[in-house]
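**Student:** Sharing a structure below in structure tokens format, with a few things to ask.
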Amino acid sequence: MEVVVAAKQKAKKHIHLFYCSECEELALKIAASSDAIELQSINWRSFDDGFPNLFINKAHDIRGQHVAFLASFSSPSVIFEQISVIFALPKLFIASFTLVLPFFPTGSFERVEEEGDVATAFTLARILSMIPKSRGGPTSVVIYDIHALQERFYFGDDVLPCFETGIPLLLQRLRQLPDAENITIAFPDDGAWKRFHKLLQHFPMIVCNKVREGDKRIVRIKEGLPEGRHVVIVDDLVQSGGTLRECRKVLALHGAAKVSAYVTHAVFPKQSYERFMASSSAGPGDRFAYFWITDSCPHTVKAIGQRPPFEVLSLAGSIADALQI
């Protein structure tokens, strides 16, 4: 038995992990969770005209090694410098290359509803599909809870998209709650139900939807019973949070004992997370019991910290595992 265990440990790939500046904290956690991951560095500098002046440290030392890059496309202004590094690393005679992009930021712009719409999810997928091959073959692209599963078909055949989920982190946290036996999962719309229900099917479920009444869109319960339950709303991402707040109101109105929320990607533009803080709520009845997020959006995590009702569930261990696939 000891021989078998030792063989499995030796079979682990040693990964050289590079990362963008804003992902440093997450990169440190990933490295701390696995002795098979070694952090490497890049000098992120700019010329006087604002264009990137980049240098990959120890480029000669990673020849023949397994290499990964942890990216965060948090705004258009940082994408170009990271793409430049992503395209350069596979050409340094490395054994394999993995891009970890926890949040695929244009995922919610995947449809063309009228002539002239630009589906930027397709654009970004095609850019990533052009990443050069390493000596080991196509690049693996690890993405968490992409907005629509059909977006896997936006990627070309020269990369290997690997779609992971943060739901196991939520399940682990729910098992730790004192009222773990009283949990019901709610979805804010049919899209969230389609995306996640098979991962949560052992829980009672509620599905909400939006209906139009005049110029307003009202959230209603389509199916399920919240009365007396600790209801956890699950979705892939949050922007302004308006839908989540409306869901909380209707669930509380129908007798939910507590309402919490989970999203993998806490985007929260323009500091919209502030409306969920305890100090910003009208009263105890207007608050989420818990609001779980992951660290897929580093800027948000840095701003929010662990201030109630927010709790950060780190993807670090999951990413470390994904790098061994």
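Labels for the structure tokens follow display order: chains A, B, ..., residues from 1 in each chain, ligands from 1.
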Which neighbours of Ala322 in chain A fall inside 10 Å, counting only C-alpha atoms, when residues of the same chain fewer than 3 positions from it are skipped, and could you give them as a PyMOL selection string?
**Tutor:** chain A and resi 98+100+142+162-164+316-319+325
**Student:** Convert the current residue selection to file output with all heavy atoms, as a PDB file, in the first residue's frame.
**Tutor:**
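Saved to part-v2.pdb:
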```
ATOM      1  N   THR A  98      -0.970  25.578 -19.328  1.00  0.00           N
ATOM      2  CA  THR A  98      -2.358  25.684 -18.872  1.00  0.00           C
ATOM      3  C   THR A  98      -2.658  27.130 -18.528  1.00  0.00           C
ATOM      4  O   THR A  98      -1.913  27.764 -17.760  1.00  0.00           O
ATOM      5  CB  THR A  98      -2.611  24.808 -17.631  1.00  0.00           C
ATOM      6  OG1 THR A  98      -2.329  23.451 -17.949  1.00  0.00           O
ATOM      7  CG2 THR A  98      -4.066  24.928 -17.179  1.00  0.00           C
ATOM      8  N   VAL A 100      -5.246  29.427 -16.574  1.00  0.00           N
ATOM      9  CA  VAL A 100      -6.337  29.424 -15.602  1.00  0.00           C
ATOM     10  C   VAL A 100      -6.983  30.800 -15.622  1.00  0.00           C
ATOM     11  O   VAL A 100      -6.372  31.793 -15.209  1.00  0.00           O
ATOM     12  CB  VAL A 100      -5.844  29.080 -14.184  1.00  0.00           C
ATOM     13  CG1 VAL A 100      -7.022  29.051 -13.209  1.00  0.00           C
ATOM     14  CG2 VAL A 100      -5.115  27.735 -14.185  1.00  0.00           C
ATOM     15  N   VAL A 142      -8.630  26.597 -18.206  1.00  0.00           N
ATOM     16  CA  VAL A 142      -9.493  26.263 -17.078  1.00  0.00           C
ATOM     17  C   VAL A 142     -10.358  27.473 -16.743  1.00  0.00           C
ATOM     18  O   VAL A 142      -9.843  28.554 -16.442  1.00  0.00           O
ATOM     19  CB  VAL A 142      -8.664  25.851 -15.847  1.00  0.00           C
ATOM     20  CG1 VAL A 142      -9.580  25.534 -14.669  1.00  0.00           C
ATOM     21  CG2 VAL A 142      -7.781  24.648 -16.181  1.00  0.00           C
ATOM     22  N   CYS A 162     -11.441  23.495 -20.206  1.00  0.00           N
ATOM     23  CA  CYS A 162     -11.768  22.638 -19.071  1.00  0.00           C
ATOM     24  C   CYS A 162     -12.675  23.444 -18.153  1.00  0.00           C
ATOM     25  O   CYS A 162     -12.241  24.425 -17.540  1.00  0.00           O
ATOM     26  CB  CYS A 162     -10.501  22.207 -18.342  1.00  0.00           C
ATOM     27  SG  CYS A 162     -10.779  21.229 -16.861  1.00  0.00           S
ATOM     28  N   PHE A 163     -13.952  23.056 -18.061  1.00  0.00           N
ATOM     29  CA  PHE A 163     -14.932  23.837 -17.309  1.00  0.00           C
ATOM     30  C   PHE A 163     -15.128  23.235 -15.918  1.00  0.00           C
ATOM     31  O   PHE A 163     -15.602  22.114 -15.772  1.00  0.00           O
ATOM     32  CB  PHE A 163     -16.245  23.911 -18.081  1.00  0.00           C
ATOM     33  CG  PHE A 163     -16.117  24.626 -19.396  1.00  0.00           C
ATOM     34  CD1 PHE A 163     -16.176  23.935 -20.597  1.00  0.00           C
ATOM     35  CD2 PHE A 163     -15.890  25.984 -19.434  1.00  0.00           C
ATOM     36  CE1 PHE A 163     -16.030  24.585 -21.807  1.00  0.00           C
ATOM     37  CE2 PHE A 163     -15.738  26.652 -20.639  1.00  0.00           C
ATOM     38  CZ  PHE A 163     -15.814  25.953 -21.831  1.00  0.00           C
ATOM     39  N   GLU A 164     -14.767  24.022 -14.924  1.00  0.00           N
ATOM     40  CA  GLU A 164     -14.881  23.626 -13.532  1.00  0.00           C
ATOM     41  C   GLU A 164     -16.001  24.427 -12.863  1.00  0.00           C
ATOM     42  O   GLU A 164     -16.551  25.350 -13.456  1.00  0.00           O
ATOM     43  CB  GLU A 164     -13.551  23.860 -12.807  1.00  0.00           C
ATOM     44  CG  GLU A 164     -12.395  23.032 -13.353  1.00  0.00           C
ATOM     45  CD  GLU A 164     -12.559  21.554 -13.055  1.00  0.00           C
ATOM     46  OE1 GLU A 164     -12.977  21.206 -11.934  1.00  0.00           O
ATOM     47  OE2 GLU A 164     -12.274  20.734 -13.953  1.00  0.00           O
ATOM     48  N   ALA A 316      -8.609  28.178  -4.491  1.00  0.00           N
ATOM     49  CA  ALA A 316      -7.204  27.781  -4.555  1.00  0.00           C
ATOM     50  C   ALA A 316      -7.025  26.269  -4.639  1.00  0.00           C
ATOM     51  O   ALA A 316      -6.300  25.763  -5.507  1.00  0.00           O
ATOM     52  CB  ALA A 316      -6.451  28.341  -3.346  1.00  0.00           C
ATOM     53  N   GLY A 317      -7.663  25.520  -3.755  1.00  0.00           N
ATOM     54  CA  GLY A 317      -7.506  24.068  -3.762  1.00  0.00           C
ATOM     55  C   GLY A 317      -8.038  23.436  -5.018  1.00  0.00           C
ATOM     56  O   GLY A 317      -7.433  22.505  -5.569  1.00  0.00           O
ATOM     57  N   SER A 318      -9.165  23.957  -5.489  1.00  0.00           N
ATOM     58  CA  SER A 318      -9.758  23.434  -6.718  1.00  0.00           C
ATOM     59  C   SER A 318      -8.863  23.685  -7.924  1.00  0.00           C
ATOM     60  O   SER A 318      -8.694  22.833  -8.797  1.00  0.00           O
ATOM     61  CB  SER A 318     -11.138  24.060  -6.944  1.00  0.00           C
ATOM     62  OG  SER A 318     -11.714  23.622  -8.146  1.00  0.00           O
ATOM     63  N   ILE A 319      -8.261  24.885  -7.975  1.00  0.00           N
ATOM     64  CA  ILE A 319      -7.354  25.211  -9.082  1.00  0.00           C
ATOM     65  C   ILE A 319      -6.112  24.314  -9.029  1.00  0.00           C
ATOM     66  O   ILE A 319      -5.652  23.810 -10.062  1.00  0.00           O
ATOM     67  CB  ILE A 319      -6.969  26.702  -9.038  1.00  0.00           C
ATOM     68  CG1 ILE A 319      -8.183  27.573  -9.384  1.00  0.00           C
ATOM     69  CG2 ILE A 319      -5.829  26.986 -10.013  1.00  0.00           C
ATOM     70  CD1 ILE A 319      -7.952  29.059  -9.206  1.00  0.00           C
ATOM     71  N   ILE A 325      -4.794  17.822 -13.887  1.00  0.00           N
ATOM     72  CA  ILE A 325      -5.584  17.043 -14.862  1.00  0.00           C
ATOM     73  C   ILE A 325      -4.729  16.721 -16.079  1.00  0.00           C
ATOM     74  O   ILE A 325      -4.032  17.593 -16.608  1.00  0.00           O
ATOM     75  CB  ILE A 325      -6.839  17.827 -15.297  1.00  0.00           C
ATOM     76  CG1 ILE A 325      -7.766  18.009 -14.098  1.00  0.00           C
ATOM     77  CG2 ILE A 325      -7.580  17.112 -16.418  1.00  0.00           C
ATOM     78  CD1 ILE A 325      -8.982  18.868 -14.379  1.00  0.00           C
TER      79      ILE A 325
END
```
**Student:** How would you write, as JSON, numbers by chain, the set of residues in range 158-309 of chain A that DSSP gives as helix (DSSP H, G or I)?
**Tutor:** {"A": [167, 168, 169, 170, 171, 172, 173, 174, 175, 180, 181, 182, 190, 191, 192, 193, 194, 195, 196, 197, 198, 199, 242, 243, 244, 245, 246, 247, 248, 249, 250, 251, 252, 253, 269, 270, 271, 272, 273, 274, 275, 276, 278, 279, 280, 284, 285, 286, 298, 299, 300, 301, 302, 303, 304]}
**Student:** Env of Leu101 in chain A: 8 Å cut, atoms = only C-alpha atoms, seq-sep filter 2 positions within chain, self excluded. Answer as an mmCIF file with C-alpha atoms, in the first residue's frame.
**Tutor:**
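Full text of out-v3.cif as output:
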```
data_model
loop_
_atom_site.group_PDB
_atom_site.id
_atom_site.type_symbol
_atom_site.label_atom_id
_atom_site.label_comp_id
_atom_site.auth_asym_id
_atom_site.auth_seq_id
_atom_site.Cartn_x
_atom_site.Cartn_y
_atom_site.Cartn_z
ATOM 1 C CA LEU A 70 -3.242 32.542 -13.575
ATOM 2 C CA ALA A 71 -5.114 35.361 -15.320
ATOM 3 C CA SER A 72 -7.714 37.929 -14.379
ATOM 4 C CA PHE A 73 -9.349 39.849 -17.213
ATOM 5 C CA LEU A 99 -4.204 28.995 -18.724
ATOM 6 C CA PHE A 103 -13.842 34.248 -14.568
ATOM 7 C CA PHE A 104 -14.608 34.438 -18.291
ATOM 8 C CA VAL A 141 -7.927 26.622 -20.529
ATOM 9 C CA VAL A 142 -9.493 26.263 -17.078
ATOM 10 C CA ILE A 143 -12.635 28.363 -16.520
ATOM 11 C CA TYR A 144 -15.063 28.306 -13.591
#
```
**Student:** Considering only C-alpha atoms, return as a list in words whatever protein or nucleic-acid residues lie within 8 Å of range 211-224 of chain A, sequence-local ones (same chain, fewer than 2 positions apart) excluded.
**Tutor:**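 Here the qualifying residues turn out to be Pro204, Met205, Ile206, Val207, Cys208, Asn209, Pro226, Thr243, Glu246, Cys247, Val250 and Leu251 of chain A.
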**Student:** Quote the spacing between CA of Val259 in chain A and CA of Gln271 in chain A in Å to one decimal place.
**Tutor:**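 Separating CA of Val259 in chain A from CA of Gln271 in chain A is a distance of 21.9 Å.
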**Student:** Compare A:His265, A:Lys210, A:Arg63, A:Arg287 by their minimum atom-to-atom distance to His147 in chain A, counting only C-alpha atoms, and give me the closest one.
**Tutor:**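 Once distances to His147 in chain A are computed over only C-alpha atoms, the minimum belongs to A:His265.
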**Student:** Determine the nearest neighbour of Asn53 in chain A from the options A:Val85, A:Ala266, A:Val301, A:Leu39, counting only C-alpha atoms.
**Tutor:** A:Val85
**Student:** Can you tell me, as a PyMOL selection string, what residues are no more than 10 Å from Gly156 in chain A when counting only C-alpha atoms, ignoring any on the same chain fewer than 4 positions away?
**Tutor:** chain A and resi 125-130+152+160-161
**Student:** For Ser240 in chain A, please output as an NGL selection string all residues within 8 Å (counting only C-alpha atoms; exclusion window: fewer than 6 positions along the same chain).
**Tutor:** :A and (268-269 or 272-273)
**Student:** Would you write out those residues with C-alpha atoms, as a PDB file, in the first residue's frame?
**Tutor:**
```
ATOM      1  CA  PHE A 268     -20.101  44.140  -8.470  1.00  0.00           C
ATOM      2  CA  PRO A 269     -19.236  47.107 -10.747  1.00  0.00           C
ATOM      3  CA  SER A 272     -22.582  47.786  -5.916  1.00  0.00           C
ATOM      4  CA  TYR A 273     -21.670  45.298  -3.175  1.00  0.00           C
TER       5      TYR A 273
END
```
**Student:** Please report, as a ChimeraX atom specification, each residue of range 19-252 of chain A to which DSSP assigns strand (DSSP E) when run on this structure's backbone.
**Tutor:** /A:19,37-39,42-46,52-56,66-70,96-100,139-144,159-164,183-187,205-213,216-223,230-238
**Student:** Could you work out how far CA of Ile56 in chain A lies from CA of Ala95 in chain A, giving the answer in Å with one decimal?
**Tutor:**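 For CA of Ala95 in chain A relative to CA of Ile56 in chain A, the distance reads 16.7 Å.
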**Student:** Quote the spacing between CA of Leu17 in chain A and CA of Ile293 in chain A in Å to one decimal place.
**Tutor:**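 CA of Ile293 in chain A lies 23.7 Å from CA of Leu17 in chain A.
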**Student:** Near range 174-183 of chain A, within 9 Å and counting only C-alpha atoms, which residues show up once chain neighbours fewer than 6 positions away are dropped, as a PyMOL selection string?
**Tutor:** chain A and resi 203-204+228-232
**Student:** For the selection just defined, write its residues with N, CA and C atoms to a file, as a tab-separated table (two decimals), in the first residue's frame.
**Tutor:**
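The new file part.tsv reads:
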```tsv
chain	number	residue	atom	x	y	z
A	203	PHE	N	-31.18	18.69	-2.74
A	203	PHE	CA	-31.84	19.71	-1.94
A	203	PHE	C	-33.25	19.98	-2.50
A	204	PRO	N	-34.20	20.36	-1.64
A	204	PRO	CA	-35.45	20.94	-2.16
A	204	PRO	C	-35.12	22.19	-2.96
A	228	GLY	N	-40.50	28.66	6.15
A	228	GLY	CA	-39.77	28.05	7.25
A	228	GLY	C	-38.38	27.54	6.90
A	229	ARG	N	-37.94	27.75	5.71
A	229	ARG	CA	-36.67	27.20	5.25
A	229	ARG	C	-35.56	28.26	5.23
A	230	HIS	N	-34.31	27.80	5.32
A	230	HIS	CA	-33.16	28.65	5.04
A	230	HIS	C	-32.89	28.51	3.54
A	231	VAL	N	-33.27	29.52	2.79
A	231	VAL	CA	-33.20	29.46	1.33
A	231	VAL	C	-31.89	30.09	0.85
A	232	VAL	N	-31.17	29.35	0.02
A	232	VAL	CA	-29.90	29.84	-0.53
A	232	VAL	C	-30.08	30.04	-2.04
```
**Student:** Taking only C-alpha atoms into account, which of A:Ala68, A:Ile42, A:Ile83, A:Leu237 comes nearest Ser21 in chain A?
**Tutor:** A:Ile42
